[in-house]
Structure formats: structure tokens, C-alpha cells
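> Before anything else, here's the structure in question.
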Amino acid sequence: MRERAVGRSGLIVGEVGLGTLTWGRDTDEAEAQEQLRVLLDAGGSLLDTSPAFGQGAAEALIGTLLADRFPRERLVICTRAGFRSTPVGPRFGAGLGAIRDSVAESLARLGTDYLDILLLAAPDPLAPDEETAAALSGLVASGQVRYIGLMGYPAWRAAALQQLLAERKLPALIAIETEYSLLERSCEAEVVPMCEHMGMGLLANSPLGRGVLTGKYRHSIPPTSRAASEHLAAFVDPYLEERPRRIVEALARAADGLGRTPADVALGWVLGRPQVASTLLGARTASQLTSVLGAIEDLPSLVAEALDDVTQ
């Protein structure tokens, strides 16, 4: 697997990272261990998680795997800030207390004393950007966090926070995570140009269109798929409508012409887009992950351009 720098930082990650949305819930310990082994054997390093995944179950499972099976230094762990436990349930905030408490809880679940990337999970209408900037930069100064970034932020507010950090000579945001695939290209309008201007790398989640771009839903919904899952059906359903189906058929024809799989072509398209530092895959099984990681190739420019036109 090739490696890429994240924005204008010194952080290097594999071009494909592993998502953990289902870990600790639909993905058990044995399967998670095998998926992580496949990622590392392929030369990958980026592991993407969140306190919100299974209300901390994913982070706790990673902590179990790190305790005695995988060396911490081989992984680039990325998690979200702002989610914390309270007596009335999970709460989110981007103020000083919320960010610090969230990170302390994540570190405890993960069983590590530092995070490689901390992403602020969303804007907070109550917390001013000055307070958010102070909280994030303080965690970097303390050594608990090495790099900071965002997700769920509109481009204008991400740019404003980056500018605030620069003016105060505080650590810069290096990344923004957003959904990006042939089925979801809205980030190209503002987020991608903002990343280029502000020196941020793009972490593209759901590059296979929530699994739809693998082609497995072309004729039916497999009973073991996410679309058949009680937890994830609503996540997949929007991409099973008429327009996504037309895109999937065009992708399948392109894949047939190249002698490759639809998943391989869809992933290659995202990896060829500007500012993309890594793509984040959530696999159901280790064998699925092995298949995708073993077939990563650049797309011919004519095919990439044709897919651009079909999916505009």
C-alpha cells in the first residue's frame, strides 16, 4: 500500500484506512483482530474510530487488541472529540470541558496515552471558536494529541477556525473527514477547495458508497449485508434509489471493461481526487478487506473522466 502525507503536515498514513463503525457490536473481537492484521500486513496504519461507535464499544475493543496483540507504534489512531458520558446519557460539545473529558475517556478505553489524530466531531452553536481552539491546542501541547482536525464542519467555519489558530500561532488543523464517493460528491463544491487553500488533507469515509458501489445490491439485498441490518439499514437505504442505481450500473460497465471489480474502480476513483490523504473502509469481514486492499490501482484517466461525467 502506498503512503501519503496528510495535508501540509509531517504525518504519513496508508492510502486506505480501516473504519470501526460496527466494532464491538456487529463485529466481534476475533473478526476485528483479523481485519486489523490484514490492514497492517498490507502496509496500512490508519485506524478510524469514535466514542459514538457503539457508545464507546469500538474504542474499548481497540484497547483490548492493543493490550497484547498489536504494537501501538504501528498504528495511526484517529478518533473524535466532544462526545462524553453523563448521568443522562451521551452528550456532545466543543467547549473546553467537553473536549478534555471526551479525550480522557477515549484514552482510557483505548489503553493509550496519546492519540495520533483528534477530530472535532461537529460545530457547537454554544462554544466560541476561541474556546475550541484553546482546548484543541492545549491537548497538543500536553502530548495527549499529536494532530488535530475536523469533521462535519462547513467549509467557511473550518477555514475560520484554521485562520484563528494561525493568527494565535497555535497548531494547525491538518485534516477534515467527510463522506466522499461516486455517490456523494458534495464536498467538491467548498470543502475540497478549502482543504487545498488551508493545507488540510481529506480523509474520505464511505468511499464505496456505504457498500453500494461494490455492486452487491444490484439485484437484491443480501441477508448478511448492512442494508439488511437493524442498525445500519437506514444508513444504506438512500443509496438504493434510482439515481445511485444508474451510477452503480455505469460503474459496473467500467469495471467489466477494465477486468476489475466495481469496488476496485470506485476506490481508485476516490484515491485519484485532489487533497485525498486516505480513504476509510469499513469491512464486514477480513476477506472482504483483503480483496479490496489487494486490488488497489490507479484508474486510466479516460475512465476516471467518464465516471466524473456520469456522476456530476
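Convention: chains lettered A, B, ... in C-alpha cells order; per-chain residue numbering from 1; ligands numbered from 1 as shown.
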Could you pull out the alpha helix (DSSP H) residues of stretch 125-308 of chain A, going by DSSP on the backbone, and write them as number ranges by chain?
A: 129-142, 155-167, 191-198, 233-236, 242-258, 262-271, 286-293, 301-308
> Would you output that residue set with C-alpha atoms, as a compact mmCIF listing (two decimals), in the first residue's frame?

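Output (selection_5.txt):
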# COMPACT_ATOMS: atom_id res chain seq x y z
CA ASP A 129 -14.22 29.07 18.25
CA GLU A 130 -11.70 30.74 20.58
CA GLU A 131 -12.54 28.26 23.34
CA THR A 132 -12.48 25.32 20.92
CA ALA A 133 -9.09 26.39 19.56
CA ALA A 134 -7.66 26.71 23.07
CA ALA A 135 -8.91 23.24 24.03
CA LEU A 136 -7.51 21.54 20.94
CA SER A 137 -4.14 23.29 21.07
CA GLY A 138 -3.84 22.55 24.79
CA LEU A 139 -4.18 18.83 24.13
CA VAL A 140 -1.40 19.01 21.54
CA ALA A 141 0.83 20.92 23.98
CA SER A 142 0.20 18.29 26.66
CA ALA A 155 -16.04 24.90 4.80
CA TRP A 156 -16.43 28.52 5.95
CA ARG A 157 -16.30 27.62 9.63
CA ALA A 158 -13.40 25.21 9.18
CA ALA A 159 -11.49 27.98 7.40
CA ALA A 160 -12.32 30.45 10.17
CA LEU A 161 -11.04 28.08 12.85
CA GLN A 162 -7.87 27.39 10.86
CA GLN A 163 -7.29 31.12 10.47
CA LEU A 164 -7.82 31.68 14.19
CA LEU A 165 -5.24 29.02 15.03
CA ALA A 166 -2.76 30.58 12.59
CA GLU A 167 -3.23 34.09 13.99
CA VAL A 191 -14.64 21.56 1.31
CA VAL A 192 -12.06 20.32 -1.18
CA PRO A 193 -11.01 23.84 -2.33
CA MET A 194 -10.87 24.92 1.32
CA CYS A 195 -8.58 21.99 2.15
CA GLU A 196 -6.25 22.91 -0.70
CA HIS A 197 -6.11 26.57 0.33
CA MET A 198 -5.73 25.87 4.06
CA ALA A 233 -30.34 -0.22 7.05
CA ALA A 234 -31.23 3.47 7.30
CA PHE A 235 -27.58 4.31 6.59
CA VAL A 236 -27.63 2.39 3.29
CA GLU A 242 -32.91 5.29 -8.79
CA ARG A 243 -30.03 7.74 -9.34
CA PRO A 244 -27.50 5.71 -7.31
CA ARG A 245 -28.62 2.58 -9.16
CA ARG A 246 -27.81 4.21 -12.51
CA ILE A 247 -24.36 5.18 -11.23
CA VAL A 248 -23.72 1.65 -9.98
CA GLU A 249 -24.61 0.23 -13.40
CA ALA A 250 -22.23 2.67 -15.13
CA LEU A 251 -19.51 1.71 -12.63
CA ALA A 252 -20.12 -1.98 -13.25
CA ARG A 253 -19.73 -1.48 -17.02
CA ALA A 254 -16.46 0.40 -16.48
CA ALA A 255 -15.20 -2.35 -14.18
CA ASP A 256 -16.09 -5.05 -16.71
CA GLY A 257 -14.19 -3.17 -19.40
CA LEU A 258 -11.09 -3.00 -17.21
CA PRO A 262 -16.65 -2.28 -9.10
CA ALA A 263 -15.18 -1.79 -5.61
CA ASP A 264 -11.66 -1.54 -7.01
CA VAL A 265 -12.70 1.04 -9.60
CA ALA A 266 -14.76 3.08 -7.11
CA LEU A 267 -11.89 3.19 -4.64
CA GLY A 268 -9.39 4.07 -7.36
CA TRP A 269 -11.57 6.99 -8.40
CA VAL A 270 -11.60 8.48 -4.89
CA LEU A 271 -7.86 7.95 -4.43
CA ALA A 286 -11.43 -9.68 6.81
CA SER A 287 -11.74 -11.49 3.47
CA GLN A 288 -13.63 -8.52 2.01
CA LEU A 289 -10.90 -6.19 3.22
CA THR A 290 -8.18 -8.45 1.81
CA SER A 291 -9.88 -8.46 -1.58
CA VAL A 292 -10.12 -4.66 -1.75
CA LEU A 293 -6.61 -3.97 -0.46
CA SER A 301 -7.56 8.92 -17.00
CA LEU A 302 -10.25 8.30 -19.61
CA VAL A 303 -12.17 6.02 -17.27
CA ALA A 304 -11.87 8.49 -14.39
CA GLU A 305 -13.13 11.29 -16.62
CA ALA A 306 -16.06 9.19 -17.82
CA LEU A 307 -17.07 8.43 -14.24
CA ASP A 308 -16.77 12.13 -13.44
> Which neighbours of A:Val212 fall inside 10 Å, counting only C-alpha atoms, when residues of the same chain fewer than 2 positions from it are skipped, and could you give them as a PyMOL selection string?
chain A and resi 183+206-210+214-218+226-227+236-237+239-240+244-245+248+262-263
> Just want the 6 Å neighbourhood of A:Ile77, counted on only C-alpha atoms, with same-chain residues fewer than 6 positions away dropped. Output as JSON, numbers by chain.
{"A": [47, 115, 116]}
> Please, could you write that set of residues out with all heavy atoms as a JSON list (two decimals), in the first residue's frame?

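Writing the result to out_27.json gives the following:
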[["chain", "number", "residue", "atom", "x", "y", "z"],
["A", 47, "LEU", "N", -6.31, 3.79, 11.64],
["A", 47, "LEU", "CA", -7.48, 3.17, 12.25],
["A", 47, "LEU", "C", -8.40, 4.28, 12.71],
["A", 47, "LEU", "O", -8.05, 5.09, 13.57],
["A", 47, "LEU", "CB", -7.04, 2.30, 13.42],
["A", 47, "LEU", "CG", -8.08, 1.36, 14.04],
["A", 47, "LEU", "CD1", -8.57, 0.34, 13.01],
["A", 47, "LEU", "CD2", -7.50, 0.64, 15.25],
["A", 115, "LEU", "N", -3.23, 10.17, 21.24],
["A", 115, "LEU", "CA", -3.99, 9.98, 20.00],
["A", 115, "LEU", "C", -3.19, 10.59, 18.86],
["A", 115, "LEU", "O", -2.66, 11.70, 19.00],
["A", 115, "LEU", "CB", -5.35, 10.66, 20.10],
["A", 115, "LEU", "CG", -6.26, 10.20, 21.24],
["A", 115, "LEU", "CD1", -7.45, 11.14, 21.39],
["A", 115, "LEU", "CD2", -6.72, 8.77, 21.02],
["A", 116, "ASP", "N", -3.14, 9.89, 17.73],
["A", 116, "ASP", "CA", -2.41, 10.44, 16.59],
["A", 116, "ASP", "C", -3.17, 11.58, 15.94],
["A", 116, "ASP", "O", -2.60, 12.61, 15.60],
["A", 116, "ASP", "CB", -2.14, 9.33, 15.56],
["A", 116, "ASP", "CG", -1.25, 8.25, 16.13],
["A", 116, "ASP", "OD1", -0.03, 8.45, 16.17],
["A", 116, "ASP", "OD2", -1.79, 7.21, 16.56]]
> Nearest residue to A:Glu59 out of A:Arg109, A:Arg100, A:Arg4, A:Arg37, using only C-alpha atoms?
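Checking each of A:Arg109, A:Arg100, A:Arg4, A:Arg37 against A:Glu59, counting only C-alpha atoms, the winner is A:Arg109.
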> Please provide the set of residues having any atom within 6 Å of stretch 16-22 of chain A, restricted to only C-alpha atoms, with same-chain residues fewer than 5 positions apart removed, written as a PyMOL selection string.
chain A and resi 27+46-49+53+278-282
> Please produce an output containing C-alpha atoms for each residue in the selection, written as a tab-separated table (two decimals), in the first residue's frame.

chain	number	residue	atom	x	y	z
A	27	THR	CA	-18.06	-7.03	14.52
A	46	LEU	CA	-4.73	4.35	9.90
A	47	LEU	CA	-7.48	3.17	12.25
A	48	ASP	CA	-10.56	5.42	12.39
A	49	THR	CA	-12.89	5.26	15.38
A	53	PHE	CA	-19.42	3.96	17.71
A	278	SER	CA	-6.62	8.46	2.82
A	279	THR	CA	-9.84	6.56	2.26
A	280	LEU	CA	-11.61	4.91	5.21
A	281	LEU	CA	-13.13	1.50	4.59
A	282	GLY	CA	-15.47	-0.34	6.94
> Would you mind reading off the distance between atom CA of A:Ile296 and atom CA of A:Thr261, one decimal, in Å?
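Separation between atom CA of A:Ile296 and atom CA of A:Thr261: 10.4 Å.
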> For a quick check of understanding, using only C-alpha atoms, which of A:Asp68, A:Glu179, A:Glu15, A:Glu188 has the smallest distance to A:Gly43?
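Result for the nearest residue to A:Gly43: A:Glu15.
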> List the neighbours of stretch 29-34 of chain A out to 7 Å using only C-alpha atoms; skip same-chain residues closer than 3 positions along the sequence, and give me the result as a list in words.
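Everything that qualifies: Trp23, Arg37, Val38, Leu61, Leu65, Thr285 and Ala286 of chain A.
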> Pick from A:Leu75, A:Leu173, A:Met151, A:Val88: nearest to A:Tyr114, with only C-alpha atoms counted?
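Looking at the shortest contact to A:Tyr114, the residue is A:Leu75.
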> Given only C-alpha atoms as the basis, pick out the residue of A:Gly10, A:Ala295, A:Tyr153, A:Gly201 nearest to A:Ala94.
A:Tyr153
> What's the separation between atom CA of A:Pro300 and atom CA of A:Glu3, in Å to one decimal place?
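Atom CA of A:Glu3 lies 20.2 Å from atom CA of A:Pro300.
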> If we count only C-alpha atoms, what is near A:Pro90 at a cut-off of 8 Å, once residues fewer than 6 positions away on the same chain are taken out, given as a ChimeraX atom specification?
/A:55,83-84
> Write out as a PyMOL selection string the set of residues from stretch 53-170 of chain A that DSSP, computed on the backbone, places in strand (DSSP E or B).
chain A and resi 76-81+83-84+91-92+115-120+145-151
> Skipping near chain neighbours, those fewer than 5 positions away, what residues fall within 9 Å of A:Ser9 using only C-alpha atoms, listed as a VMD selection string?
chain A and resid 147 172 174 199 to 201
> What is the distance, in Å and to one decimal place, between atom CA of A:Leu203 and atom CA of A:Pro71?
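Atom-to-atom, atom CA of A:Leu203 to atom CA of A:Pro71, that is 23.4 Å.
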